[in-house]
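Next comes query20.txt, with compact mmCIF, C-alpha atoms.
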# COMPACT_ATOMS: atom_id res chain seq x y z
CA MET A 14 85.23 48.03 17.48
CA ARG A 15 82.36 50.44 18.08
CA LEU A 16 79.48 48.96 20.03
CA THR A 17 76.98 50.16 17.45
CA ALA A 18 78.88 48.45 14.65
CA LEU A 19 79.05 45.20 16.62
CA LEU A 20 75.32 45.26 17.37
CA ALA A 21 74.49 46.03 13.74
CA MET A 22 76.63 43.09 12.66
CA ALA A 23 74.88 40.78 15.12
CA ALA A 24 71.41 41.89 14.06
CA ARG A 25 71.64 41.14 10.34
CA MET A 26 73.28 38.05 8.87
CA LYS A 27 75.51 38.72 5.88
CA LEU A 28 74.90 36.03 3.28
CA PRO A 29 77.01 35.53 0.14
CA PRO A 30 75.28 36.69 -3.08
CA ASP A 31 75.02 33.10 -4.44
CA TYR A 32 73.65 31.64 -1.19
CA ARG A 33 71.16 28.83 -1.82
CA HIS A 34 68.23 29.18 0.58
CA GLY A 35 67.07 25.80 1.82
CA ILE A 36 64.31 24.47 4.00
CA TYR A 37 66.08 25.71 7.13
CA ARG A 38 66.42 29.40 7.85
CA PRO A 39 70.00 30.79 7.38
CA TRP A 40 70.60 31.49 11.09
CA THR A 41 69.74 27.91 12.22
CA ALA A 42 72.39 25.32 13.01
CA ALA A 43 71.20 22.95 10.26
CA ALA A 44 71.52 25.65 7.60
CA LYS A 45 74.97 26.61 8.87
CA ALA A 46 76.05 22.97 8.69
CA ASN A 47 74.77 22.62 5.12
CA ASN A 48 76.20 25.96 3.96
CA PRO A 49 79.65 26.49 5.50
CA PRO A 50 81.41 29.73 4.49
CA GLY A 51 83.19 29.34 1.19
CA LEU A 52 80.68 26.84 -0.21
CA ARG A 53 79.81 27.34 -3.89
CA ARG A 54 76.90 25.42 -5.35
CA LYS A 55 75.23 25.42 -8.76
CA LYS A 56 72.87 28.35 -9.05
CA VAL A 57 69.15 27.75 -8.58
CA PHE A 58 67.03 29.96 -10.83
CA VAL A 59 64.07 31.58 -9.10
CA GLU A 60 61.33 33.53 -10.85
CA PRO A 61 61.77 37.12 -9.65
CA ILE A 62 58.63 38.35 -7.87
CA SER A 63 58.73 41.78 -6.25
CA LYS A 64 57.70 42.42 -2.67
CA GLU A 65 54.59 44.33 -3.75
CA ASP A 66 53.39 41.52 -6.07
CA TRP A 67 53.55 38.80 -3.43
CA LYS A 68 50.08 37.33 -2.87
CA VAL A 69 50.39 34.30 -0.56
CA PHE A 70 50.80 34.72 3.19
CA ARG A 71 50.99 32.48 6.22
CA GLY A 72 47.49 31.40 7.26
CA ASP A 73 45.99 31.61 3.73
CA THR A 74 43.91 28.74 2.37
CA VAL A 75 45.40 27.50 -0.91
CA GLU A 76 44.70 24.63 -3.29
CA ILE A 77 47.49 22.50 -4.72
CA LEU A 78 47.21 22.19 -8.51
CA THR A 79 49.82 19.57 -9.39
CA GLY A 80 51.63 16.79 -7.65
CA LYS A 81 50.75 13.97 -5.30
CA ASP A 82 48.14 16.02 -3.38
CA ALA A 83 46.57 17.74 -6.38
CA ARG A 84 43.10 19.29 -5.93
CA LYS A 85 43.51 19.33 -2.14
CA GLN A 86 43.17 22.48 -0.02
CA GLY A 87 45.23 23.40 3.00
CA VAL A 88 46.50 26.24 5.18
CA VAL A 89 49.89 27.76 4.45
CA ASN A 90 52.32 27.06 7.27
CA GLN A 91 55.49 28.75 6.08
CA VAL A 92 56.62 30.90 3.18
CA ILE A 93 60.20 31.19 1.92
CA ARG A 94 60.23 34.10 -0.51
CA ALA A 95 63.85 33.62 -1.59
CA ARG A 96 62.91 30.39 -3.41
CA ASN A 97 59.19 31.17 -4.05
CA TRP A 98 58.34 28.29 -1.71
CA VAL A 99 55.14 27.64 0.17
CA PHE A 100 54.63 24.90 2.77
CA VAL A 101 51.05 23.69 3.14
CA GLN A 102 50.17 22.06 6.44
CA GLY A 103 49.91 18.27 6.16
CA LEU A 104 50.04 18.14 2.35
CA ASN A 105 52.76 17.17 -0.13
CA THR A 106 54.44 15.11 2.58
CA HIS A 107 57.15 12.52 2.52
CA TYR A 108 57.81 10.20 5.42
CA HIS A 109 60.97 10.06 7.46
CA TYR A 110 61.66 7.10 9.70
CA ILE A 111 63.17 7.69 13.14
CA ARG A 112 65.13 4.62 14.18
CA ARG A 113 64.25 2.91 17.41
CA THR A 114 66.60 3.16 20.39
CA ALA A 115 66.52 1.72 23.87
CA ASN A 116 63.81 4.11 25.11
CA TYR A 117 62.00 4.83 21.85
CA PRO A 118 60.04 2.39 19.68
CA GLY A 119 60.75 4.10 16.33
CA THR A 120 58.17 5.82 14.15
CA TYR A 121 57.46 7.52 10.83
CA ILE A 122 57.20 11.31 10.79
CA ALA A 123 55.57 13.23 7.94
CA ASN A 124 57.56 16.19 6.61
CA GLU A 125 55.99 18.67 4.21
CA ALA A 126 57.90 19.34 1.02
CA PRO A 127 57.92 22.88 -0.37
CA LEU A 128 55.65 23.82 -3.26
CA LEU A 129 56.44 26.50 -5.81
CA LEU A 130 54.03 29.38 -6.32
CA ARG A 131 53.13 27.98 -9.75
CA GLN A 132 51.77 24.81 -8.13
CA ILE A 133 49.57 26.79 -5.75
CA ALA A 134 46.40 28.82 -6.23
CA LEU A 135 44.54 30.92 -3.72
CA VAL A 136 41.04 29.72 -2.89
CA ASP A 137 38.00 31.96 -3.51
CA PRO A 138 35.84 32.02 -0.36
CA THR A 139 32.50 32.11 -2.29
CA ASP A 140 32.76 28.85 -4.22
CA ARG A 141 35.89 27.41 -2.62
CA LYS A 142 37.61 26.84 -5.94
CA PRO A 143 41.11 27.95 -6.99
CA THR A 144 41.34 31.37 -8.71
CA GLU A 145 43.79 33.83 -10.14
CA VAL A 146 44.27 36.79 -7.82
CA GLU A 147 45.26 40.40 -8.43
CA TRP A 148 46.14 43.30 -6.17
CA ARG A 149 43.69 46.15 -6.52
CA TYR A 150 42.61 49.25 -4.60
CA THR A 151 39.18 49.74 -3.01
CA GLU A 152 37.13 52.95 -2.99
CA GLU A 153 38.71 53.91 0.35
CA GLY A 154 42.21 53.39 -1.09
CA GLU A 155 42.97 50.13 0.70
CA ARG A 156 45.09 47.60 -1.21
CA VAL A 157 43.30 44.23 -1.37
CA ARG A 158 43.53 40.92 -3.21
CA VAL A 159 40.69 40.43 -5.69
CA SER A 160 39.73 37.13 -7.28
CA LEU A 161 39.60 37.55 -11.06
CA ARG A 162 36.81 35.02 -11.64
CA THR A 163 34.18 36.27 -9.20
CA GLY A 164 35.52 39.68 -8.17
CA ARG A 165 35.33 38.88 -4.47
CA ILE A 166 37.90 40.37 -2.11
CA ILE A 167 40.07 37.73 -0.46
CA PRO A 168 40.89 39.12 2.98
CA LEU A 169 44.42 38.90 4.31
CA PRO A 170 44.86 36.18 6.94
CA VAL A 171 45.06 37.41 10.52
CA TYR A 172 48.72 37.73 11.47
CA GLN A 173 49.48 35.38 14.35
CA ARG A 174 52.79 35.60 16.12
CA ARG A 175 54.92 32.47 16.15
CA ASP A 176 55.22 32.62 19.95
CA GLY A 177 51.42 32.57 20.34
CA ILE A 178 51.13 35.96 22.05
CA ILE A 179 48.03 38.02 21.18
CA PRO A 180 48.89 41.67 21.95
CA GLU A 181 45.28 42.65 22.72
CA GLN A 182 45.01 39.93 25.37
CA TRP A 183 48.44 40.49 26.88
CA LYS A 184 48.58 41.00 30.66
CA ASP A 185 51.50 43.17 31.74
CA GLY A 186 53.99 41.50 34.05
CA PRO A 187 55.90 43.17 36.90
CA LYS A 188 58.81 44.05 34.59
CA ASP A 189 56.64 45.42 31.75
CA THR A 190 56.24 49.16 31.26
CA SER A 191 52.55 50.01 30.78
CA VAL A 192 51.35 51.67 27.56
CA ASP A 193 50.75 55.08 29.18
CA ASP A 194 54.22 55.20 30.70
CA VAL A 195 55.81 54.28 27.37
CA LEU A 196 53.93 56.91 25.36
CA ASP A 197 54.40 59.63 27.99
CA ARG A 198 56.69 62.38 26.66
CA THR A 199 58.69 63.66 29.62
CA TYR A 200 61.62 65.12 27.71
CA GLN A 201 62.26 68.80 28.51
CA PRO A 202 64.42 70.24 25.70
CA SER A 203 67.27 72.33 27.05
CA LEU A 204 70.56 73.67 25.78
CA LYS A 205 72.51 71.95 28.56
CA LEU A 206 74.59 68.92 27.70
CA PHE A 207 73.60 65.64 29.36
CA GLU A 208 76.87 65.69 31.33
CA GLU A 209 76.24 69.24 32.60
CA GLU A 210 72.72 68.34 33.72
CA ILE A 211 73.96 65.31 35.63
CA LEU A 212 76.64 67.43 37.36
CA GLU A 213 73.96 69.85 38.50
CA LEU A 214 71.52 67.19 39.67
CA GLN A 215 74.16 65.27 41.62
CA GLY A 216 75.57 68.47 43.11
CA ILE A 217 79.08 67.86 41.77
CA VAL A 218 81.17 71.03 41.45
CA GLU A 219 84.15 70.77 39.07
CA THR A 220 86.44 73.78 39.01
CA ARG A 221 89.47 72.10 37.43
CA ARG A 222 89.84 72.40 33.68
CA ALA A 223 91.68 70.07 31.29
CA ARG A 224 95.13 71.12 30.18
CA LYS A 225 95.21 72.46 26.66
CA SER A 226 96.54 69.92 24.17
CA TYR A 227 97.24 70.24 20.46
CA TRP A 228 97.31 67.81 17.58
CA TYR A 229 98.07 68.29 13.95
CA MET B 12 89.73 32.42 5.77
CA GLY B 13 89.71 29.85 8.55
CA LEU B 14 90.00 26.11 8.76
CA LEU B 15 86.46 25.41 7.55
CA THR B 16 86.84 27.14 4.17
CA ASN B 17 89.98 25.19 3.42
CA LEU B 18 88.35 21.93 4.51
CA ALA B 19 85.44 22.69 2.23
CA ARG B 20 87.94 23.01 -0.59
CA GLY B 21 89.66 19.85 0.60
CA LEU B 22 93.16 21.20 0.15
CA VAL B 23 94.87 22.09 3.48
CA ARG B 24 95.15 20.13 6.71
CA GLY B 25 96.23 21.33 10.16
CA ALA B 26 95.65 24.15 12.59
CA ASP B 27 93.92 27.43 11.80
CA ARG B 28 96.86 29.75 11.10
CA MET B 29 94.72 32.83 10.68
CA ALA B 30 93.14 32.67 14.17
CA GLU B 31 93.88 35.50 16.57
CA PHE B 32 96.73 34.70 19.05
CA THR B 33 94.96 35.76 22.25
CA SER B 34 96.08 35.57 25.86
CA LYS B 35 94.30 32.18 26.18
CA ARG B 36 96.85 30.52 23.89
CA GLY B 37 100.61 30.04 24.16
CA PRO B 38 102.84 29.12 27.11
CA ARG B 39 102.58 30.51 30.65
CA SER B 40 105.16 33.18 29.83
CA HIS B 41 102.88 34.61 27.14
CA ASN B 42 101.14 37.34 29.08
CA LYS B 43 99.11 39.89 27.17
CA GLY B 44 95.97 41.85 27.92
CA ARG B 45 92.65 41.95 26.09
CA GLY B 46 92.53 45.68 25.31
CA ALA B 47 91.71 47.37 28.63
CA ARG B 48 92.91 50.97 28.79
CA LYS B 49 95.58 52.09 31.27
CA LEU B 50 94.31 53.89 34.39
CA GLY B 51 97.37 56.07 34.98
CA TYR B 52 100.99 56.28 33.99
CA LEU B 53 104.25 54.43 34.63
CA THR B 54 107.00 56.48 36.35
CA LEU B 55 110.72 56.20 35.60
CA GLY B 56 111.27 54.19 38.77
CA GLY B 57 108.89 51.54 37.53
CA LYS B 58 105.99 52.49 39.82
CA PHE B 59 102.54 52.77 38.30
CA ILE B 60 100.56 55.80 39.47
CA LYS B 61 96.81 55.39 39.24
CA ILE B 62 94.83 58.57 38.48
CA LYS B 63 91.45 58.54 40.19
CA GLU B 64 89.85 60.56 37.39
CA MET B 65 90.77 57.91 34.82
CA VAL B 66 89.06 55.15 36.78
CA PRO B 67 85.48 54.87 35.45
CA GLU B 68 82.82 55.45 38.06
CA PHE B 69 79.12 54.75 37.58
CA VAL B 70 76.95 57.68 38.64
CA VAL B 71 73.60 56.05 39.40
CA PRO B 72 70.68 58.36 40.12
CA ASN B 73 67.97 57.72 42.69
CA LEU B 74 65.31 55.63 40.92
CA THR B 75 62.42 55.89 43.42
CA GLY B 76 59.23 56.74 41.56
CA PHE B 77 60.76 55.90 38.20
CA LYS B 78 58.05 54.52 35.94
CA LEU B 79 60.02 52.93 33.08
CA LYS B 80 60.82 49.22 33.43
CA PRO B 81 63.15 46.85 31.54
CA TYR B 82 60.53 45.55 29.12
CA VAL B 83 57.79 47.18 27.07
CA SER B 84 54.23 45.87 26.97
CA TYR B 85 53.11 44.08 23.78
CA LYS B 86 50.04 46.33 23.63
CA THR B 87 52.02 49.47 22.72
CA PRO B 88 51.47 50.66 19.15
CA LYS B 89 54.46 50.73 16.84
CA GLY B 90 55.97 54.05 15.88
CA THR B 91 59.07 56.24 16.01
CA GLU B 92 59.85 59.74 17.19
CA PRO B 93 61.57 62.08 14.73
CA PRO B 94 65.29 62.35 15.64
CA LEU B 95 66.29 65.49 17.52
CA THR B 96 68.27 67.85 15.27
CA ALA B 97 70.04 71.08 16.18
CA LYS B 98 67.41 73.05 14.26
CA GLN B 99 64.58 71.39 16.20
CA LEU B 100 66.32 72.12 19.51
CA PHE B 101 66.75 75.77 18.51
CA MET B 102 63.09 76.07 17.53
CA ASP B 103 61.95 74.50 20.80
CA VAL B 104 64.17 76.38 23.24
CA VAL B 105 65.62 79.59 21.80
CA ALA B 106 63.14 80.71 19.14
CA PRO B 107 60.24 81.42 21.58
CA GLN B 108 62.51 83.59 23.75
CA ILE B 109 63.75 85.59 20.72
CA GLU B 110 60.17 86.03 19.45
CA LYS B 111 59.01 87.29 22.83
CA ASP B 112 61.88 89.80 22.98
CA ILE B 113 61.29 91.04 19.45
CA LYS B 114 57.60 91.61 20.19
CA GLY B 115 58.50 93.31 23.48
CA GLY B 116 61.09 95.43 21.66
CA THR B 117 64.04 94.38 23.84
CA PHE B 118 65.89 92.27 21.27
CA ASP B 119 69.59 93.19 21.10
CA PRO B 120 71.58 91.47 18.30
CA HIS B 121 74.84 92.17 20.15
CA ASN B 122 73.72 90.40 23.34
CA LEU B 123 72.92 86.88 22.14
CA GLU B 124 74.57 85.36 25.24
CA LYS B 125 71.28 85.43 27.14
CA TYR B 126 69.73 82.98 24.65
CA GLY B 127 72.59 80.54 25.15
CA TYR B 128 75.04 81.69 22.48
CA GLU B 129 78.66 80.92 23.39
CA SER B 130 81.18 83.01 21.47
CA THR B 131 84.11 80.85 22.64
CA GLN B 132 84.54 77.38 24.13
CA GLU B 133 87.49 78.45 26.35
CA GLY B 134 86.96 77.96 30.05
CA LYS B 135 84.15 75.43 29.65
CA LEU B 136 84.44 72.00 31.24
CA PHE B 137 82.64 70.20 28.39
CA GLN B 138 83.69 71.89 25.17
CA LEU B 139 81.61 71.27 22.07
CA PHE B 140 84.41 71.93 19.64
CA PRO B 141 86.95 70.36 19.89
CA LYS B 142 84.81 67.78 21.70
CA ASN B 143 86.41 66.74 24.97
CA TYR B 144 83.75 64.43 26.37
CA VAL B 145 83.19 60.83 25.41
CA ARG B 146 79.53 60.68 24.45

Can the structure in the file be given as structure tokens, please?
Amino acid sequence: MRLTALLAMAARMKLPPDYRHGIYRPWTAAAKANNPPGLRRKKVFVEPISKEDWKVFRGDTVEILTGKDARKQGVVNQVIRARNWVFVQGLNTHYHYIRRTANYPGTYIANEAPLLLRQIALVDPTDRKPTEVEWRYTEEGERVRVSLRTGRIIPLPVYQRRDGIIPEQWKDGPKDTSVDDVLDRTYQPSLKLFEEEILELQGIVETRRARKSYWY
Amino acid sequence: MGLLTNLARGLVRGADRMAEFTSKRGPRSHNKGRGARKLGYLTLGGKFIKIKEMVPEFVVPNLTGFKLKPYVSYKTPKGTEPPLTAKQLFMDVVAPQIEKDIKGGTFDPHNLEKYGYESTQEGKLFQLFPKNYVR
């Protein structure tokens, strides 16, 4: 098939409409083992929240309202929007025992369980208490989250890449194109086809012409 | 619908009947290709004549002093260029020439060939319509 179609297929995973999103991301091996193609499970109902209304991001400080770790604050580690899930680092954990083998003594590992958005509240930086938050616009026109109790703007957490690279501190390697070379516009628009230009540059002279063919 | 879907249903056992029967399967006598195009034609005597023009050849230019490298630095700002349309190409290349000629008074509507107009595609190596090049 066309190369473009193949690449497009590889880039985006096609999930069935009743796919149940779990703790593992759909492209991981664990998720593929749990959800083989043709699997139909009972539907899980998720409160629909639009992309613009979403308020909690990775790196935010939130307080847990209900559950085992109620009234504790933590940093959001992961967000799964398909199920309205939020994972808070170190909180709402259950323990999973890894059995001992010949080389390994065996230990308990803490795994965080997901929390729904209803069990979470963003923390106001002034008094460090949970608040209701709304999206509003500043005088300059910037869209910000505002705490309804005190009116203070809760800034968005700094976006950190999962691979730990900070673009401002990146040092170009030998195979990296520098910023100036990338942004340099060297295209000269011309009416010649790419093939004709290459023929000229390489000095190839082609006097033969293709035989005329017809199709209906 | 392969083996896994039927296993998930728990109904059918056995091999995957819907899998493609490629050249890797079957006995030694099963000899088929994987979709490469022919590079010539077969004569009546059974001899295959290879046509040099049908054999793909990579035309690699001289890359000394070429600044672009395989990867792009993380520091580059995100953004896109607007796609090049025929109208944009016309405005960039042909329109300034026509404007200059109109102002100079030498514009001739019957002699559009000098701006790149092609009244017919006959005789050209790379014809635009009907397109006879691959890209």

Chain B contacts to chain A at 10 Å (all atoms listed in the file) as a count of residues only: 46

How many Å separate CA of Val88 (chain A) from CA of Val75 (chain A)?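 Interatomic distance here is 6.3 Å.
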
A:Lys64, A:Lys55, A:His34, A:Lys142: which is nearest Ala95 (chain A), counting only C-alpha atoms?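 Selected residue with least distance to Ala95 (chain A): A:His34.
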
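If you look at CA of Ile93 (chain A) and CA of Val57 (chain A), they are 14.2 Å away from each other.
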
Which neighbours of region 112-124 of chain A fall inside 12 Å, counting only C-alpha atoms, when residues of the same chain fewer than 4 positions from it are skipped, and could you give them as a JSON list (two decimals) with C-alpha atoms, keeping the file's coordinate frame?
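This went into result25.json:
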[["chain", "number", "residue", "atom", "x", "y", "z"],
["A", 36, "ILE", "CA", 64.31, 24.47, 4.00],
["A", 100, "PHE", "CA", 54.63, 24.90, 2.77],
["A", 101, "VAL", "CA", 51.05, 23.69, 3.14],
["A", 102, "GLN", "CA", 50.17, 22.06, 6.44],
["A", 103, "GLY", "CA", 49.91, 18.27, 6.16],
["A", 104, "LEU", "CA", 50.04, 18.14, 2.35],
["A", 105, "ASN", "CA", 52.76, 17.17, -0.13],
["A", 106, "THR", "CA", 54.44, 15.11, 2.58],
["A", 107, "HIS", "CA", 57.15, 12.52, 2.52],
["A", 108, "TYR", "CA", 57.81, 10.20, 5.42]]

Any idea what's packed within 6 Å of region 156-162 of chain A, counting all atoms listed in the file, ignoring anything in its chain fewer than 6 positions away? Could you give it as a VMD selection string? chain A and resid 145 to 150

Please, what distance in Å, to one decimal, runs between CA of Thr33 (chain B) and CA of Leu50 (chain B)? 21.8 Å

Find the axis-aligned box for region 77-86 of chain A, covering all its listed atoms and adding 8 Å on each side, and write its centre and edge lengths in Å to one decimal as JSON.
{"center_x": 47.4, "center_y": 18.2, "center_z": -4.7, "size_x": 24.5, "size_y": 24.5, "size_z": 25.4}

Among the residues B:Glu68, B:Gly76, B:Thr96, B:Lys125, the one that comes closest to Ile109 (chain B) [using only C-alpha atoms]: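 Selected residue with least distance to Ile109 (chain B): B:Lys125.
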
At a cut-off of 12 Å around the point (93.2, 50.0, 30.5) (file coordinates), what residues fall inside when counting all atoms listed in the file? I'd like the answer as a short mmCIF file (atom, residue, chain, number, x, y, z; two decimals) with C-alpha atoms, in the frame of the given file.
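As written to disk, result_23.cif reads:
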data_model
loop_
_atom_site.label_atom_id
_atom_site.label_comp_id
_atom_site.auth_asym_id
_atom_site.auth_seq_id
_atom_site.Cartn_x
_atom_site.Cartn_y
_atom_site.Cartn_z
CA GLY B 44 95.97 41.85 27.92
CA ARG B 45 92.65 41.95 26.09
CA GLY B 46 92.53 45.68 25.31
CA ALA B 47 91.71 47.37 28.63
CA ARG B 48 92.91 50.97 28.79
CA LYS B 49 95.58 52.09 31.27
CA LEU B 50 94.31 53.89 34.39
CA GLY B 51 97.37 56.07 34.98
CA TYR B 52 100.99 56.28 33.99
CA LYS B 61 96.81 55.39 39.24
CA ILE B 62 94.83 58.57 38.48
CA MET B 65 90.77 57.91 34.82
CA VAL B 66 89.06 55.15 36.78
CA PRO B 67 85.48 54.87 35.45
#

Which residues are close to Gly72 (chain A), i.e. within 12 Å by all atoms listed in the file, leaving aside same-chain residues fewer than 5 positions away? Reply as a VMD selection string. chain A and resid 87 to 92 99 to 102 135 168 to 175
